[in-house]
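A.B. asks: Please find input_37.cif (mmCIF, C-alpha atoms) on the next line:
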```cif
data_query
loop_
_atom_site.label_atom_id
_atom_site.label_comp_id
_atom_site.auth_asym_id
_atom_site.auth_seq_id
_atom_site.Cartn_x
_atom_site.Cartn_y
_atom_site.Cartn_z
CA MET A 244 -46.52 6.13 6.52
CA THR A 245 -43.85 8.74 7.02
CA ASP A 246 -40.13 8.06 7.24
CA SER A 247 -38.60 7.92 10.68
CA ALA A 248 -36.61 10.97 11.79
CA PRO A 249 -32.90 10.69 11.04
CA VAL A 250 -30.40 10.58 13.84
CA ASP A 251 -28.16 13.66 14.05
CA GLY A 252 -24.92 13.26 12.11
CA GLN A 253 -26.25 10.27 10.06
CA PRO A 254 -27.52 10.43 6.47
CA THR A 255 -31.26 10.01 5.95
CA VAL A 256 -32.18 6.50 4.74
CA PRO A 257 -35.68 6.50 3.19
CA LEU A 258 -37.95 3.55 4.02
CA PRO A 259 -38.99 1.52 0.97
CA ALA A 260 -42.32 2.60 -0.46
CA PRO A 261 -45.01 -0.11 -0.58
CA SER A 262 -45.51 0.00 -4.40
CA PRO A 263 -45.65 3.54 -5.71
CA PRO A 264 -47.53 4.16 -8.91
CA PRO A 265 -45.30 4.42 -11.96
CA ALA A 266 -45.97 8.13 -12.46
CA ALA A 267 -45.16 9.14 -8.89
CA ALA A 268 -41.57 10.15 -8.16
CA SER A 269 -39.90 8.48 -5.23
CA PRO A 270 -39.07 10.93 -2.43
CA GLU A 271 -35.44 11.97 -2.52
CA PRO A 272 -33.43 11.34 0.61
CA ALA A 273 -32.39 14.45 2.53
CA PRO A 274 -28.76 15.38 1.85
CA ALA A 275 -26.31 14.74 4.60
CA SER A 276 -25.19 17.84 6.46
CA SER A 277 -21.92 19.50 5.51
CA GLU A 278 -20.63 18.86 9.04
CA ALA A 279 -21.23 15.15 8.72
CA ALA A 280 -19.50 15.08 5.36
CA ALA A 281 -16.53 16.98 6.71
CA ALA A 282 -16.27 14.71 9.71
CA SER A 283 -15.23 11.72 7.62
CA PRO A 284 -13.20 12.88 4.61
CA GLU A 285 -12.20 10.37 1.99
CA PRO A 286 -8.47 9.54 2.09
CA ALA A 287 -6.43 10.47 -0.95
CA PRO A 288 -5.85 7.48 -3.25
CA GLY A 289 -2.60 5.70 -2.55
CA LEU A 290 -1.93 7.46 0.76
CA PRO A 291 -1.90 5.53 4.05
CA VAL A 292 -4.64 6.37 6.52
CA PRO A 293 -3.16 7.23 9.94
CA ALA A 294 -4.63 5.26 12.82
CA VAL A 295 -5.59 8.34 14.85
CA ALA A 296 -8.78 10.16 15.73
CA ALA A 297 -10.00 12.82 13.32
CA GLU A 298 -9.34 15.53 15.92
CA ASP A 299 -5.64 14.59 15.90
CA ALA A 300 -5.22 15.19 12.18
CA PRO A 301 -2.92 18.17 11.57
CA GLU A 302 -4.51 21.32 10.22
CA GLY A 303 -2.71 23.89 8.11
CA PRO A 304 -2.76 27.67 7.98
CA PRO A 305 -5.84 29.27 6.38
CA ALA A 306 -5.73 30.19 2.70
CA ARG A 307 -5.60 33.94 3.31
CA LEU A 308 -2.56 33.51 5.53
CA TRP A 309 -0.80 31.47 2.83
CA ASP A 310 -1.47 34.31 0.37
CA ARG A 311 -0.07 36.85 2.82
CA MET A 312 3.06 34.81 3.50
CA ARG A 313 3.66 34.15 -0.19
CA GLU A 314 3.42 37.86 -0.93
CA ASP A 315 5.74 38.75 1.96
CA PRO A 316 7.94 35.69 2.64
CA GLN A 317 10.56 37.66 4.59
CA TYR A 318 8.01 38.24 7.35
CA ALA A 319 6.21 34.90 7.04
CA PRO A 320 6.82 33.90 10.71
CA GLU A 321 5.46 37.23 11.92
CA HIS A 322 2.35 36.93 9.75
CA LEU A 323 1.82 33.38 11.04
CA ALA A 324 2.23 34.46 14.68
CA LEU A 325 -0.25 37.34 14.31
CA GLU A 326 -2.85 35.15 12.60
CA ALA A 327 -2.34 32.32 15.10
CA VAL A 328 -3.16 34.57 18.05
CA ARG A 329 -6.21 35.98 16.24
CA ARG A 330 -7.54 32.63 15.08
CA LEU A 331 -6.19 30.04 17.50
CA GLY A 332 -6.06 32.10 20.70
CA PRO A 333 -9.84 32.00 21.25
CA GLU A 334 -9.84 28.27 20.49
CA ALA A 335 -7.19 27.68 23.18
CA ALA A 336 -9.13 29.80 25.68
CA ARG A 337 -12.31 27.79 25.05
CA TRP A 338 -10.41 24.52 25.42
CA ALA A 339 -8.96 25.54 28.80
CA ALA A 340 -12.32 26.78 30.09
CA ARG A 341 -14.03 23.56 29.03
CA ALA A 342 -11.27 21.40 30.57
CA ARG A 343 -11.52 23.23 33.90
CA ALA A 344 -15.32 23.00 33.87
CA GLU A 345 -15.16 19.24 33.27
CA ARG A 346 -12.42 18.71 35.86
CA PRO A 347 -12.57 21.41 38.53
CA GLY A 348 -9.33 21.68 40.41
CA ALA A 349 -7.24 20.02 37.70
CA PRO A 350 -3.67 21.33 38.08
CA ALA A 351 -2.18 23.48 35.35
CA GLU A 352 0.66 21.00 34.86
CA GLU A 353 -1.83 18.28 34.00
CA LEU A 354 -3.64 20.45 31.44
CA ALA A 355 -0.34 21.52 29.90
CA GLU A 356 0.80 17.90 29.61
CA GLN A 357 -2.48 17.02 27.92
CA ALA A 358 -1.94 19.80 25.36
CA VAL A 359 1.66 18.75 24.74
CA ARG A 360 0.73 15.11 24.08
CA ARG A 361 -2.04 16.14 21.72
CA PHE A 362 0.04 18.45 19.57
CA VAL A 363 3.24 16.43 19.58
CA ASN A 364 1.12 13.65 18.11
CA ARG A 365 -0.14 16.04 15.45
CA ALA A 366 3.42 17.15 14.72
CA ARG A 367 4.38 13.55 13.95
CA LEU A 368 1.70 13.51 11.26
CA SER A 369 2.52 16.89 9.75
CA GLY A 370 5.35 15.67 7.52
CA ALA A 371 4.20 15.20 3.93
CA VAL A 372 0.64 16.13 4.90
CA SER A 373 0.18 17.91 1.57
CA GLY A 374 0.71 14.83 -0.56
CA ALA A 375 2.43 17.12 -3.07
CA ALA A 376 5.90 16.65 -4.46
CA GLY A 377 8.83 18.99 -4.79
CA LEU A 378 9.15 22.49 -3.39
CA PRO A 379 5.43 23.37 -3.02
CA GLY A 380 4.76 20.21 -1.04
CA ALA A 381 7.74 20.83 1.24
CA VAL A 382 6.62 24.41 1.91
CA ILE A 383 3.10 23.25 2.79
CA ASP A 384 4.44 20.59 5.12
CA VAL A 385 6.67 22.94 7.14
CA GLY A 386 3.84 25.50 7.22
CA VAL A 387 1.51 22.92 8.73
CA LEU A 388 4.19 22.01 11.29
CA ALA A 389 4.76 25.66 12.29
CA TRP A 390 0.99 26.21 12.58
CA THR A 391 0.60 23.10 14.74
CA GLN A 392 3.40 24.28 17.01
CA ALA A 393 1.83 27.73 17.37
CA ARG A 394 -1.45 26.10 18.33
CA MET A 395 0.35 24.05 20.97
CA VAL A 396 2.08 27.08 22.50
CA LEU A 397 -1.22 28.94 22.84
CA HIS A 398 -2.87 25.92 24.48
CA ILE A 399 0.01 25.66 26.94
CA ALA A 400 -0.40 29.35 27.78
CA ALA A 401 -4.11 28.79 28.42
CA ALA A 402 -3.34 25.77 30.60
CA TYR A 403 -1.29 27.98 32.92
CA GLY A 404 -3.97 30.66 33.04
CA ILE A 405 -2.22 33.04 30.62
CA ASP A 406 -4.53 34.80 28.13
CA PRO A 407 -3.86 33.13 24.74
CA THR A 408 -5.62 35.95 22.88
CA HIS A 409 -3.37 38.75 24.17
CA PRO A 410 -1.19 40.38 21.47
CA ASP A 411 1.91 39.58 23.55
CA ARG A 412 1.44 35.91 22.68
CA ALA A 413 2.57 36.67 19.12
CA THR A 414 5.82 38.01 20.58
CA ASP A 415 6.11 34.89 22.75
CA LEU A 416 5.69 32.67 19.70
CA LEU A 417 8.53 34.31 17.81
CA VAL A 418 10.92 34.15 20.77
CA LEU A 419 9.97 30.62 21.80
CA GLN A 420 10.31 29.40 18.21
CA LYS A 421 13.69 31.16 18.02
CA VAL A 422 12.75 33.41 15.13
CA HIS A 423 13.98 36.29 17.30
CA LYS A 424 16.31 36.13 20.27
CA VAL A 425 14.62 38.80 22.38
CA ALA A 426 11.11 40.16 22.73
CA GLU A 427 11.98 43.69 21.63
CA THR A 428 13.13 42.72 18.14
CA ALA A 429 10.13 40.37 17.84
CA ARG A 430 7.77 43.26 18.62
CA LEU A 431 9.44 45.48 16.04
CA ALA A 432 9.17 42.77 13.37
CA LEU A 433 5.51 42.17 14.26
CA GLY A 434 4.86 45.88 13.83
CA VAL A 435 6.44 45.81 10.38
CA ALA A 436 4.45 42.73 9.38
CA ALA A 437 1.19 44.26 10.65
CA GLY A 438 1.92 47.43 8.67
CA ARG A 439 2.58 45.45 5.51
CA GLU A 440 -0.63 43.51 6.09
CA ARG A 441 -2.64 46.74 6.27
CA ALA A 442 -0.87 48.18 3.23
CA GLY A 443 -1.49 45.01 1.24
CA ALA A 444 -5.19 45.13 2.13
CA LEU A 445 -5.42 48.75 0.97
CA PHE A 446 -3.23 48.77 -2.11
CA GLY A 447 -2.71 45.14 -3.04
CA SER A 448 0.62 43.40 -3.41
CA GLY A 449 3.34 45.02 -5.44
CA GLY A 450 5.63 43.38 -7.94
CA GLN A 451 6.33 39.76 -7.12
CA ALA A 452 9.60 37.94 -7.61
CA ALA A 453 9.79 34.66 -9.50
CA LEU A 454 7.54 32.07 -7.87
CA GLY A 455 10.35 29.58 -7.35
CA LYS A 456 12.46 32.08 -5.41
CA VAL A 457 9.46 33.17 -3.35
CA MET A 458 8.60 29.58 -2.42
CA MET A 459 12.23 28.91 -1.51
CA ARG A 460 12.40 31.91 0.82
CA LEU A 461 9.02 31.08 2.32
CA GLY A 462 9.99 27.45 2.90
CA ILE A 463 13.26 28.36 4.58
CA ARG A 464 11.63 30.92 6.89
CA LEU A 465 8.83 28.54 7.93
CA ALA A 466 11.24 25.64 8.40
CA GLN A 467 13.43 27.76 10.66
CA MET A 468 10.35 28.79 12.64
CA ALA A 469 9.31 25.14 13.04
CA GLY A 470 12.77 24.15 14.28
CA VAL A 471 13.67 22.08 11.21
CA ARG A 472 17.46 21.90 11.23
CA ALA A 473 19.54 22.65 8.15
CA ALA A 474 16.51 24.24 6.49
CA LYS A 475 18.57 25.90 3.75
CA ARG A 476 20.29 22.64 2.83
CA ILE A 477 17.00 20.76 2.77
CA PHE A 478 15.25 23.21 0.45
CA ALA A 479 18.29 23.66 -1.78
CA LYS A 480 18.17 19.95 -2.60
CA VAL A 481 14.51 19.87 -3.60
CA ILE A 482 14.13 18.72 -7.19
CA PRO A 483 10.92 18.83 -9.20
CA GLY A 484 8.93 15.64 -8.86
CA ALA A 485 10.74 14.48 -5.72
CA ALA A 486 8.78 14.47 -2.48
CA ILE A 487 10.30 15.63 0.81
CA ILE A 488 9.16 13.64 3.80
CA LEU A 489 9.87 15.44 7.05
CA GLY A 490 10.86 12.80 9.58
CA THR A 491 8.30 12.09 12.26
CA TRP A 492 11.07 11.87 14.85
CA ALA A 493 12.51 15.25 13.85
CA ASN A 494 9.07 16.86 13.92
CA SER A 495 8.17 15.50 17.33
CA SER A 496 11.63 16.25 18.73
CA ALA A 497 11.50 19.90 17.66
CA THR A 498 7.95 20.19 18.98
CA LYS A 499 8.85 18.63 22.34
CA ASP A 500 11.74 21.07 22.74
CA LEU A 501 9.38 23.95 21.99
CA ALA A 502 6.86 22.57 24.47
CA GLU A 503 9.44 22.51 27.26
CA ARG A 504 10.48 26.11 26.59
CA SER A 505 6.81 27.16 26.52
CA ARG A 506 6.04 25.43 29.80
CA GLN A 507 8.98 27.09 31.51
CA LEU A 508 7.88 30.53 30.31
CA TYR A 509 4.17 30.24 31.12
CA ARG A 510 4.76 28.40 34.39
CA SER A 511 6.84 31.35 35.59
CA MET A 512 4.26 33.84 34.31
CA GLY A 513 1.46 31.93 36.04
CA HIS A 514 3.34 32.00 39.34
CA ALA A 515 3.87 35.75 38.87
CA GLY A 516 0.18 36.36 38.28
CA GLY A 517 0.43 36.53 34.52
CA VAL A 518 3.15 39.18 34.45
CA PRO A 519 6.02 38.07 32.21
CA ARG A 520 9.56 38.36 33.44
CA PRO A 521 11.84 40.70 31.50
CA ARG A 522 13.65 38.85 28.73
#
```
Can the structure in the file be given as structure tokens, please?
C.D. replies:
Amino acid sequence: MTDSAPVDGQPTVPLPAPSPPPAAASPEPAPASSEAAAASPEPAPGLPVPAVAAEDAPEGPPARLWDRMREDPQYAPEHLALEAVRRLGPEAARWAARARAERPGAPAEELAEQAVRRFVNRARLSGAVSGAAGLPGAVIDVGVLAWTQARMVLHIAAAYGIDPTHPDRATDLLVLQKVHKVAETARLALGVAAGRERAGALFGSGGQAALGKVMMRLGIRLAQMAGVRAAKRIFAKVIPGAAIILGTWANSSATKDLAERSRQLYRSMGHAGGVPRPR
């Protein structure tokens, strides 16, 4: 008798053998797929498990982006914006296309509201997501929050029919997140960051300052991008071994404010046929 075929996404459970001879080895069960293992990660010991779906768990910037931002903390927001459009723009476009296919005729306002609810919920969970204490943990937490907010902005753009993969979305991110006041200075800073990215890929990073100072600068820049108030005061008070817990209310409040600014911008661009107004 052969074992029954496993159901997709479930580990293979071998049927008991009738009485195998002592010398014969029992068939080993097939290993569970990596996707199934990743779908239900084990919670870290001692940390509470949030009562939310797995898709609502906040995700942080990729490792290569962290390396880039650590090597060039002054332009961390610009590096994050460029990578967000490259990596998250296509994701937002696929989401909008799928939502419209499932619900033909759904108004843009409804899709935008759906995106806002989803990512505001993620922002509430992004405080202390690292589980680490002191300055490194705080930097990771504000980085996750800024990444979540960038993902939300690109989904809102897609909801209003604005291409989330266009390079101009990186400029939008920096202006909407108040890193730069006007689009022109944001574009200039993005050009500098892109040039440094290419130079770093060709020649490697140059001399690096002390790690503590780098992490401090990186944390302050990311916190300012994420709308965390009094970022300099917060990071100046970090002491080794003490965890910083970003308040869920503060995270969601900053993210809601960003959502409203994003909806105003992309609503006006959608009405104008995707052509942004001068700003």
A.B. asks: Residues proximal to (-1.6, 23.8, 25.5) were defined as those with any atom within 7 Å of that point in the file's coordinates, counting all atoms listed in the file. Which are they, as a PDB file with C-alpha atoms, in the frame of the given file?
C.D. replies:
```
ATOM      1  CA  ALA A 355      -0.340  21.520  29.900  1.00  0.00           C
ATOM      2  CA  ALA A 358      -1.940  19.800  25.360  1.00  0.00           C
ATOM      3  CA  VAL A 359       1.660  18.750  24.740  1.00  0.00           C
ATOM      4  CA  MET A 395       0.350  24.050  20.970  1.00  0.00           C
ATOM      5  CA  VAL A 396       2.080  27.080  22.500  1.00  0.00           C
ATOM      6  CA  LEU A 397      -1.220  28.940  22.840  1.00  0.00           C
ATOM      7  CA  HIS A 398      -2.870  25.920  24.480  1.00  0.00           C
ATOM      8  CA  ILE A 399       0.010  25.660  26.940  1.00  0.00           C
ATOM      9  CA  ALA A 400      -0.400  29.350  27.780  1.00  0.00           C
ATOM     10  CA  ALA A 401      -4.110  28.790  28.420  1.00  0.00           C
ATOM     11  CA  ALA A 402      -3.340  25.770  30.600  1.00  0.00           C
TER      12      ALA A 402
END
```
A.B. asks: List as a PyMOL selection string the protein and nucleic acid residues near A:Ala324, meaning an atom at most 12 Å away when only C-alpha atoms are counted, but skip any in the same chain fewer than 6 places from it.
C.D. replies: chain A and resi 304+308+312+318+330-332+386+389-394+396-397+407-420+422+429-430+432-434+436-437+465+468-469
A.B. asks: Which residue out of A:Leu508, A:Pro305, A:His514, A:Lys456 has the minimum interatomic distance to A:Ile383 when only C-alpha atoms are used?
C.D. replies: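 Closest to A:Ile383 of all the choices is A:Pro305.
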A.B. asks: Which one is closest to A:Gln467: A:Val385, A:Val435, A:Met512, A:Val328? Count all atoms listed in the file.
C.D. replies: A:Val385
A.B. asks: By how many Å are atom CA of A:Val387 and atom CA of A:Asn364 apart?
C.D. replies: 13.2 Å
A.B. asks: I'd like the interatomic distance between atom CA of A:Leu461 and atom CA of A:Pro316, to a tenth of an Å.
C.D. replies: 4.7 Å
A.B. asks: Find the spatial neighbours of A:Asp315, counting all atoms listed in the file, within a cut-off of 9 Å - ignore same-chain residues fewer than 6 positions away - and output them as a list in words.
C.D. replies: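 Using all atoms listed in the file, the neighbours found are His322, Ala436, Arg439, Glu440, Ser448, Val457 and Leu461 of chain A.
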A.B. asks: Grab all the atoms of stretch 503-517 of chain A that the file lists, wrap them in a box along x, y and z, add 6 Å per side, and give me centre plus edge lengths in Å (one decimal) as AutoDock Vina command-line options.
C.D. replies:
```
--center_x 5.3 --center_y 29.5 --center_z 32.9 --size_x 22.3 --size_y 26.0 --size_z 24.8
```
A.B. asks: So how many Å separate atom CA of A:Arg361 and atom CA of A:Ile463, to one decimal?
C.D. replies: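 Value for the atom CA of A:Arg361-atom CA of A:Ile463 distance: 26.0 Å.
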